[in-house]
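Listing of data.tsv, TSV, C-alpha atoms and all ligand atoms
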```
chain	number	residue	atom	x	y	z
A	11	MET	CA	51.11	61.84	219.47
A	12	ILE	CA	47.95	61.79	221.55
A	13	LEU	CA	46.76	58.42	222.81
A	14	SER	CA	43.42	57.98	224.45
A	15	PHE	CA	42.52	54.97	226.53
A	16	CYS	CA	39.10	53.40	226.64
A	17	PRO	CA	37.47	52.52	229.90
A	18	GLY	CA	38.47	49.01	230.82
A	19	THR	CA	41.90	49.19	229.15
A	20	PRO	CA	44.35	47.86	231.75
A	21	ILE	CA	46.99	50.33	232.86
A	22	LEU	CA	50.42	48.92	232.06
A	23	SER	CA	53.24	48.89	234.53
A	24	LYS	CA	56.42	50.51	233.25
A	25	TYR	CA	57.99	47.05	233.11
A	26	SER	CA	55.43	45.44	230.84
A	27	ALA	CA	56.05	45.31	227.09
A	28	ALA	CA	54.31	48.13	225.25
A	29	PRO	CA	51.58	46.79	222.93
A	30	LYS	CA	51.81	47.61	219.24
A	31	ILE	CA	49.49	50.54	218.43
A	32	GLU	CA	47.79	48.52	215.70
A	33	SER	CA	46.86	45.77	218.17
A	34	LEU	CA	44.83	48.38	220.08
A	35	MET	CA	42.80	49.31	217.00
A	36	ALA	CA	39.93	47.29	215.56
A	37	PRO	CA	39.95	46.85	211.77
A	38	PRO	CA	37.36	48.92	209.87
A	39	PRO	CA	34.07	47.20	208.94
A	40	ILE	CA	34.32	44.56	206.20
A	41	GLU	CA	31.55	44.64	203.60
A	42	VAL	CA	31.80	41.01	202.43
A	43	LEU	CA	31.00	37.65	204.00
A	44	ALA	CA	33.26	35.94	206.52
A	45	LEU	CA	33.59	32.40	205.10
A	46	LEU	CA	34.16	29.20	207.06
A	47	LEU	CA	37.32	27.26	206.32
A	48	LEU	CA	35.47	23.99	206.86
A	49	GLU	CA	32.96	24.81	204.12
A	50	LEU	CA	35.64	26.04	201.70
A	51	THR	CA	37.73	22.91	202.30
A	52	GLU	CA	34.72	20.78	201.47
A	53	LYS	CA	33.78	22.80	198.36
A	54	THR	CA	37.30	22.62	196.92
A	55	ASP	CA	37.86	18.94	197.64
A	56	ASN	CA	40.41	19.91	200.30
A	57	PHE	CA	41.99	22.45	197.93
A	58	GLY	CA	42.71	19.64	195.54
A	59	PRO	CA	43.91	19.67	191.91
A	60	LYS	CA	40.40	19.44	190.42
A	61	SER	CA	39.48	22.79	191.94
A	62	LEU	CA	42.75	24.51	191.02
A	63	VAL	CA	42.31	27.25	188.40
A	64	GLY	CA	45.63	29.04	188.58
A	65	GLU	CA	48.58	30.21	190.59
A	66	GLY	CA	49.95	33.68	191.24
A	67	SER	CA	52.87	35.01	193.22
A	68	TYR	CA	50.77	35.08	196.42
A	69	GLY	CA	49.47	31.54	196.21
A	70	ARG	CA	47.13	29.14	194.47
A	71	VAL	CA	43.67	29.96	193.19
A	72	TYR	CA	40.70	27.57	193.45
A	73	LEU	CA	37.14	27.53	192.20
A	74	ALA	CA	34.37	26.56	194.61
A	75	GLU	CA	30.65	26.20	194.01
A	76	LEU	CA	28.65	27.19	197.06
A	77	ASP	CA	25.34	25.68	198.17
A	78	ASN	CA	23.46	28.64	196.67
A	79	GLY	CA	24.94	27.70	193.26
A	80	LYS	CA	27.27	30.72	193.16
A	81	GLN	CA	30.80	30.23	191.92
A	82	LEU	CA	33.54	31.67	194.04
A	83	VAL	CA	37.22	32.00	193.22
A	84	LEU	CA	39.38	31.50	196.29
A	85	LYS	CA	42.89	32.86	196.53
A	86	LYS	CA	44.67	30.84	199.21
A	87	LEU	CA	47.51	33.05	200.31
A	88	ASP	CA	50.85	31.38	201.03
A	89	SER	CA	51.74	31.77	204.69
A	90	THR	CA	55.13	33.35	205.18
A	91	SER	CA	57.09	34.00	208.32
A	92	GLU	CA	56.63	37.74	207.67
A	93	GLN	CA	52.84	37.51	207.53
A	94	ASP	CA	50.91	40.70	208.35
A	95	THR	CA	49.10	40.67	211.67
A	96	ASP	CA	45.40	39.80	211.51
A	97	THR	CA	44.52	43.45	212.10
A	98	GLU	CA	46.72	44.63	209.23
A	99	PHE	CA	45.34	41.94	206.95
A	100	LEU	CA	41.70	42.60	207.89
A	101	THR	CA	42.23	46.33	207.37
A	102	GLN	CA	43.33	45.61	203.79
A	103	VAL	CA	40.39	43.22	203.31
A	104	ALA	CA	38.04	45.98	204.55
A	105	LEU	CA	39.45	48.44	202.00
A	106	VAL	CA	39.20	45.99	199.08
A	107	SER	CA	35.70	44.89	200.17
A	108	ARG	CA	34.49	48.44	199.46
A	109	LEU	CA	35.94	48.65	195.94
A	110	LYS	CA	33.02	48.39	193.54
A	111	HIS	CA	33.45	49.10	189.84
A	112	GLU	CA	32.21	47.46	186.66
A	113	ASN	CA	35.82	46.88	185.56
A	114	LEU	CA	36.88	45.28	188.83
A	115	LEU	CA	36.15	41.76	189.99
A	116	GLN	CA	34.19	42.13	193.19
A	117	MET	CA	35.53	40.64	196.40
A	118	LEU	CA	32.78	38.37	197.78
A	119	GLY	CA	34.23	36.97	200.99
A	120	TYR	CA	37.26	36.21	203.07
A	121	CYS	CA	38.44	33.67	205.61
A	122	VAL	CA	41.05	34.01	208.36
A	123	GLU	CA	41.58	30.95	210.53
A	124	GLY	CA	44.93	30.52	212.30
A	125	ASN	CA	47.58	31.27	209.70
A	126	ILE	CA	45.24	30.35	206.81
A	127	ARG	CA	44.03	33.30	204.79
A	128	LEU	CA	41.69	33.15	201.82
A	129	LEU	CA	40.14	35.81	199.65
A	130	GLY	CA	36.98	35.10	197.65
A	131	PHE	CA	36.26	36.86	194.34
A	132	GLU	CA	33.79	36.69	191.46
A	133	PHE	CA	34.77	34.10	188.87
A	134	ALA	CA	36.05	35.54	185.58
A	135	THR	CA	34.97	32.84	183.13
A	136	MET	CA	37.74	33.69	180.66
A	137	GLY	CA	40.42	33.98	183.36
A	138	SER	CA	43.05	36.68	183.12
A	139	LEU	CA	44.66	38.15	180.00
A	140	HIS	CA	47.70	36.06	180.83
A	141	ASP	CA	45.51	32.93	180.67
A	142	ILE	CA	44.29	33.87	177.20
A	143	LEU	CA	47.71	34.65	175.75
A	144	PRO	CA	50.25	32.07	177.00
A	145	GLY	CA	47.73	29.81	178.80
A	146	ARG	CA	46.54	29.28	182.37
A	147	LYS	CA	49.16	30.23	184.91
A	148	GLY	CA	50.28	27.48	187.30
A	149	VAL	CA	48.29	24.77	185.49
A	150	GLN	CA	50.32	21.99	183.91
A	151	GLU	CA	49.97	21.50	180.14
A	152	ALA	CA	47.96	24.70	179.90
A	153	GLN	CA	46.93	25.64	176.37
A	154	ALA	CA	46.91	29.16	174.98
A	155	GLY	CA	43.44	30.53	174.27
A	156	PRO	CA	41.98	31.50	170.89
A	157	PRO	CA	43.34	34.69	169.28
A	158	LEU	CA	41.49	37.86	170.36
A	159	ASP	CA	40.06	40.29	167.84
A	160	TRP	CA	40.67	44.05	168.21
A	161	MET	CA	37.37	44.66	170.01
A	162	GLN	CA	38.25	42.08	172.67
R	1	LIG	N1	38.60	35.85	189.69
R	1	LIG	C1	39.20	34.95	188.92
R	1	LIG	N2	38.49	34.27	188.00
R	1	LIG	C2	39.08	33.32	187.22
R	1	LIG	N3	40.38	32.98	187.33
R	1	LIG	C3	41.14	33.64	188.22
R	1	LIG	C4	40.60	34.66	189.07
R	1	LIG	N4	41.57	35.11	189.87
R	1	LIG	C5	42.67	34.44	189.54
R	1	LIG	N5	42.43	33.54	188.56
R	1	LIG	C6	43.37	32.61	187.97
R	1	LIG	O1	44.46	32.39	188.87
R	1	LIG	C7	45.69	32.88	188.31
R	1	LIG	C8	46.52	33.53	189.40
R	1	LIG	O2	45.83	34.67	189.81
R	1	LIG	P1	46.45	35.71	190.84
R	1	LIG	O3	45.53	36.86	190.86
R	1	LIG	O4	46.75	35.00	192.11
R	1	LIG	O5	47.85	36.06	190.23
R	1	LIG	P2	48.21	37.00	189.01
R	1	LIG	O6	47.77	38.38	189.32
R	1	LIG	O7	47.72	36.36	187.73
R	1	LIG	O8	49.77	36.88	189.02
R	1	LIG	P3	50.82	37.54	190.01
R	1	LIG	O9	50.28	37.42	191.41
R	1	LIG	O10	52.02	36.68	189.82
R	1	LIG	O11	50.99	38.94	189.54
R	1	LIG	C9	45.27	33.82	187.18
R	1	LIG	O12	46.25	33.87	186.17
R	1	LIG	C10	43.97	33.17	186.70
R	1	LIG	O13	44.27	32.07	185.89
```
Reformat the file's structure so that it appears as structure tokens.
Ligand SMILES: Nc1ncnc2c1ncn2[C@@H]1O[C@H](COP(=O)(O)OP(=O)(O)OP(=O)(O)O)[C@@H](O)[C@H]1O
Amino acid sequence: MILSFCPGTPILSKYSAAPKIESLMAPPPIEVLALLLLELTEKTDNFGPKSLVGEGSYGRVYLAELDNGKQLVLKKLDSTSEQDTDTEFLTQVALVSRLKHENLLQMLGYCVEGNIRLLGFEFATMGSLHDILPGRKGVQEAQAGPPLDWMQ
């Protein structure tokens, strides 16, 4: 493996702990907005029950309406002890931020503050297929949606 060092990188003594390779690399550019936790907290009523739209295996999902009138779905990822490093996480955000397809919900923003991580997506007004069949996931007393015809 060939490692190159940038000017200004301190030379390590043989006794110092070797840094992880990934901590030396900057994440690739992210093509969506960096969102402020303070604003998202305010727009979701402190991630309260009124803003909750669902729950998946990675955490709860909230709906926020921004000052420009746009609706934004926020996935608030559960923090685990085995959380990816910020660089690993931001690398994945960068990859997803570049996925653009008419059949994919577009990522619109992200937020990383301390161990809080949020991903912002377009709002799918009908929710997921799961929401339509058995009813909204993670929402108490959720009702199943109307039957779908073959074209839907
Ligand atoms: N972009 C969205 N627009 C509208 N509702 C959404 C959106 N994303 C998620 N939801 C709601 O939040 C729920 C949980 O979504 P999430 O993507 O976190 O998990 P999932 O993929 O449904 O389930 P799992 O993570 O367990 O596989 C969905 O079932 C849906 O009700």
Residues of chain A that approach ligand LIG 1 (chain R) to 8 Å or less, counting only C-alpha atoms and all ligand atoms: could you list each one with the shortest pair of atoms and its distance in Å to one decimal, rows by chain and increasing residue number, as a Markdown table?
```
| residue | atom | partner | partner_atom | distance |
| --- | --- | --- | --- | --- |
| A:Val63 | CA | R:LIG1 | C6 | 5.5 |
| A:Gly64 | CA | R:LIG1 | O1 | 3.6 |
| A:Glu65 | CA | R:LIG1 | C8 | 4.1 |
| A:Gly66 | CA | R:LIG1 | O5 | 3.3 |
| A:Ser67 | CA | R:LIG1 | O10 | 3.9 |
| A:Tyr68 | CA | R:LIG1 | O9 | 5.6 |
| A:Gly69 | CA | R:LIG1 | O4 | 6.0 |
| A:Arg70 | CA | R:LIG1 | O4 | 6.3 |
| A:Val71 | CA | R:LIG1 | O1 | 5.0 |
| A:Tyr72 | CA | R:LIG1 | O1 | 7.6 |
| A:Leu73 | CA | R:LIG1 | C2 | 7.9 |
| A:Leu82 | CA | R:LIG1 | N1 | 7.9 |
| A:Val83 | CA | R:LIG1 | N1 | 5.4 |
| A:Leu84 | CA | R:LIG1 | N4 | 7.7 |
| A:Lys85 | CA | R:LIG1 | O4 | 6.2 |
| A:Leu115 | CA | R:LIG1 | N1 | 6.4 |
| A:Phe131 | CA | R:LIG1 | N1 | 5.3 |
| A:Glu132 | CA | R:LIG1 | N1 | 5.2 |
| A:Phe133 | CA | R:LIG1 | N2 | 3.8 |
| A:Ala134 | CA | R:LIG1 | N2 | 3.7 |
| A:Thr135 | CA | R:LIG1 | C2 | 5.8 |
| A:Met136 | CA | R:LIG1 | C2 | 6.7 |
| A:Gly137 | CA | R:LIG1 | N3 | 4.1 |
| A:Ser138 | CA | R:LIG1 | C10 | 5.1 |
| A:Leu139 | CA | R:LIG1 | O12 | 7.7 |
| A:His140 | CA | R:LIG1 | O12 | 6.0 |
| A:Asp141 | CA | R:LIG1 | O13 | 5.4 |
| A:Arg146 | CA | R:LIG1 | O13 | 5.0 |
| A:Lys147 | CA | R:LIG1 | O12 | 4.8 |
| A:Gly148 | CA | R:LIG1 | C7 | 7.2 |
```
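Going from CA of Leu50 (chain A) to CA of Leu76 (chain A) covers 8.5 Å.
Excluding Glu123 (chain A) and any residue on its chain fewer than 4 positions from it, the residues at most 10 Å away by all atoms listed in the file are A:Leu45, A:Leu46, A:Leu47, A:Leu48, A:Asp96, A:Arg127, A:Leu128.
Shortest separation to Ser107 (chain A) among A:Asn78, A:Glu41, A:Lys86, A:Gly124 occurs at residue A:Glu41, atoms counted being all atoms listed in the file.
Comparing A:Glu75, A:Glu112, A:Asp159, A:Glu52 by their smallest distance to Gly130 (chain A), the closest is A:Glu75 (using all atoms listed in the file).
CA of Glu92 (chain A) to CA of Val106 (chain A) spans 21.1 Å [interatomic distance, one decimal].
Taking CA of Ile40 (chain A) and CA of Val103 (chain A) as the two end points, the separation is 6.9 Å.
Residue nearest Asn56 (chain A) within the list A:Ala74, A:Ala104, A:Leu109, A:Gln153: A:Ala74 [criterion: smallest interatomic distance, all atoms listed in the file].
Residue nearest Ala44 (chain A), chosen from A:Gly119, A:Met161, A:Ile126, A:Pro156 and counting only C-alpha atoms: A:Gly119.
Across A:Gln81, A:Asp88, A:Ala36, A:Leu100, the tightest approach to Thr54 (chain A) is made by A:Gln81 when counting only C-alpha atoms.
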Calculate, to one decimal in Å, the centre and edge lengths of the box along x, y and z of the file that holds all listed atoms of region 99-113 of chain A with 6 Å of margin on each side, and present them as JSON.
```
{"center_x": 38.8, "center_y": 45.5, "center_z": 196.7, "size_x": 25.1, "size_y": 19.2, "size_z": 34.3}
```
Would you kindly place N, CA and C atoms on region 36-54 of chain A and return the model as a PDB file, keeping the file's coordinate frame?
```pdb
ATOM      1  N   ALA A  36      40.733  48.298 216.264  1.00  0.00           N
ATOM      2  CA  ALA A  36      39.930  47.290 215.560  1.00  0.00           C
ATOM      3  C   ALA A  36      39.974  47.607 214.080  1.00  0.00           C
ATOM      4  N   PRO A  37      39.979  46.559 213.210  1.00  0.00           N
ATOM      5  CA  PRO A  37      39.950  46.850 211.770  1.00  0.00           C
ATOM      6  C   PRO A  37      38.632  47.505 211.391  1.00  0.00           C
ATOM      7  N   PRO A  38      38.623  48.301 210.303  1.00  0.00           N
ATOM      8  CA  PRO A  38      37.360  48.920 209.870  1.00  0.00           C
ATOM      9  C   PRO A  38      36.364  47.849 209.426  1.00  0.00           C
ATOM     10  N   PRO A  39      35.064  48.204 209.311  1.00  0.00           N
ATOM     11  CA  PRO A  39      34.070  47.200 208.940  1.00  0.00           C
ATOM     12  C   PRO A  39      34.342  46.593 207.564  1.00  0.00           C
ATOM     13  N   ILE A  40      34.095  45.285 207.455  1.00  0.00           N
ATOM     14  CA  ILE A  40      34.320  44.560 206.200  1.00  0.00           C
ATOM     15  C   ILE A  40      32.962  44.342 205.550  1.00  0.00           C
ATOM     16  N   GLU A  41      32.858  44.678 204.259  1.00  0.00           N
ATOM     17  CA  GLU A  41      31.550  44.640 203.600  1.00  0.00           C
ATOM     18  C   GLU A  41      31.318  43.372 202.779  1.00  0.00           C
ATOM     19  N   VAL A  42      32.046  42.301 203.102  1.00  0.00           N
ATOM     20  CA  VAL A  42      31.800  41.010 202.430  1.00  0.00           C
ATOM     21  C   VAL A  42      31.696  39.922 203.491  1.00  0.00           C
ATOM     22  N   LEU A  43      31.250  38.739 203.051  1.00  0.00           N
ATOM     23  CA  LEU A  43      31.000  37.650 204.000  1.00  0.00           C
ATOM     24  C   LEU A  43      32.271  37.076 204.607  1.00  0.00           C
ATOM     25  N   ALA A  44      32.191  36.729 205.889  1.00  0.00           N
ATOM     26  CA  ALA A  44      33.260  35.940 206.520  1.00  0.00           C
ATOM     27  C   ALA A  44      32.931  34.476 206.203  1.00  0.00           C
ATOM     28  N   LEU A  45      33.849  33.772 205.545  1.00  0.00           N
ATOM     29  CA  LEU A  45      33.590  32.400 205.100  1.00  0.00           C
ATOM     30  C   LEU A  45      34.229  31.406 206.064  1.00  0.00           C
ATOM     31  N   LEU A  46      33.638  30.229 206.154  1.00  0.00           N
ATOM     32  CA  LEU A  46      34.160  29.200 207.060  1.00  0.00           C
ATOM     33  C   LEU A  46      35.138  28.294 206.334  1.00  0.00           C
ATOM     34  N   LEU A  47      36.302  28.104 206.936  1.00  0.00           N
ATOM     35  CA  LEU A  47      37.320  27.260 206.320  1.00  0.00           C
ATOM     36  C   LEU A  47      36.794  25.843 206.060  1.00  0.00           C
ATOM     37  N   LEU A  48      36.006  25.345 207.001  1.00  0.00           N
ATOM     38  CA  LEU A  48      35.470  23.990 206.860  1.00  0.00           C
ATOM     39  C   LEU A  48      34.650  23.854 205.573  1.00  0.00           C
ATOM     40  N   GLU A  49      33.805  24.852 205.316  1.00  0.00           N
ATOM     41  CA  GLU A  49      32.960  24.810 204.120  1.00  0.00           C
ATOM     42  C   GLU A  49      33.811  24.939 202.848  1.00  0.00           C
ATOM     43  N   LEU A  50      34.800  25.828 202.893  1.00  0.00           N
ATOM     44  CA  LEU A  50      35.640  26.040 201.700  1.00  0.00           C
ATOM     45  C   LEU A  50      36.488  24.792 201.411  1.00  0.00           C
ATOM     46  N   THR A  51      36.933  24.139 202.468  1.00  0.00           N
ATOM     47  CA  THR A  51      37.730  22.910 202.300  1.00  0.00           C
ATOM     48  C   THR A  51      36.881  21.852 201.612  1.00  0.00           C
ATOM     49  N   GLU A  52      35.627  21.773 202.051  1.00  0.00           N
ATOM     50  CA  GLU A  52      34.720  20.780 201.470  1.00  0.00           C
ATOM     51  C   GLU A  52      34.410  21.112 200.006  1.00  0.00           C
ATOM     52  N   LYS A  53      34.188  22.396 199.718  1.00  0.00           N
ATOM     53  CA  LYS A  53      33.780  22.800 198.360  1.00  0.00           C
ATOM     54  C   LYS A  53      34.923  22.763 197.354  1.00  0.00           C
ATOM     55  N   THR A  54      36.153  22.663 197.850  1.00  0.00           N
ATOM     56  CA  THR A  54      37.300  22.620 196.920  1.00  0.00           C
ATOM     57  C   THR A  54      37.979  21.255 196.967  1.00  0.00           C
TER      58      THR A  54
END
```
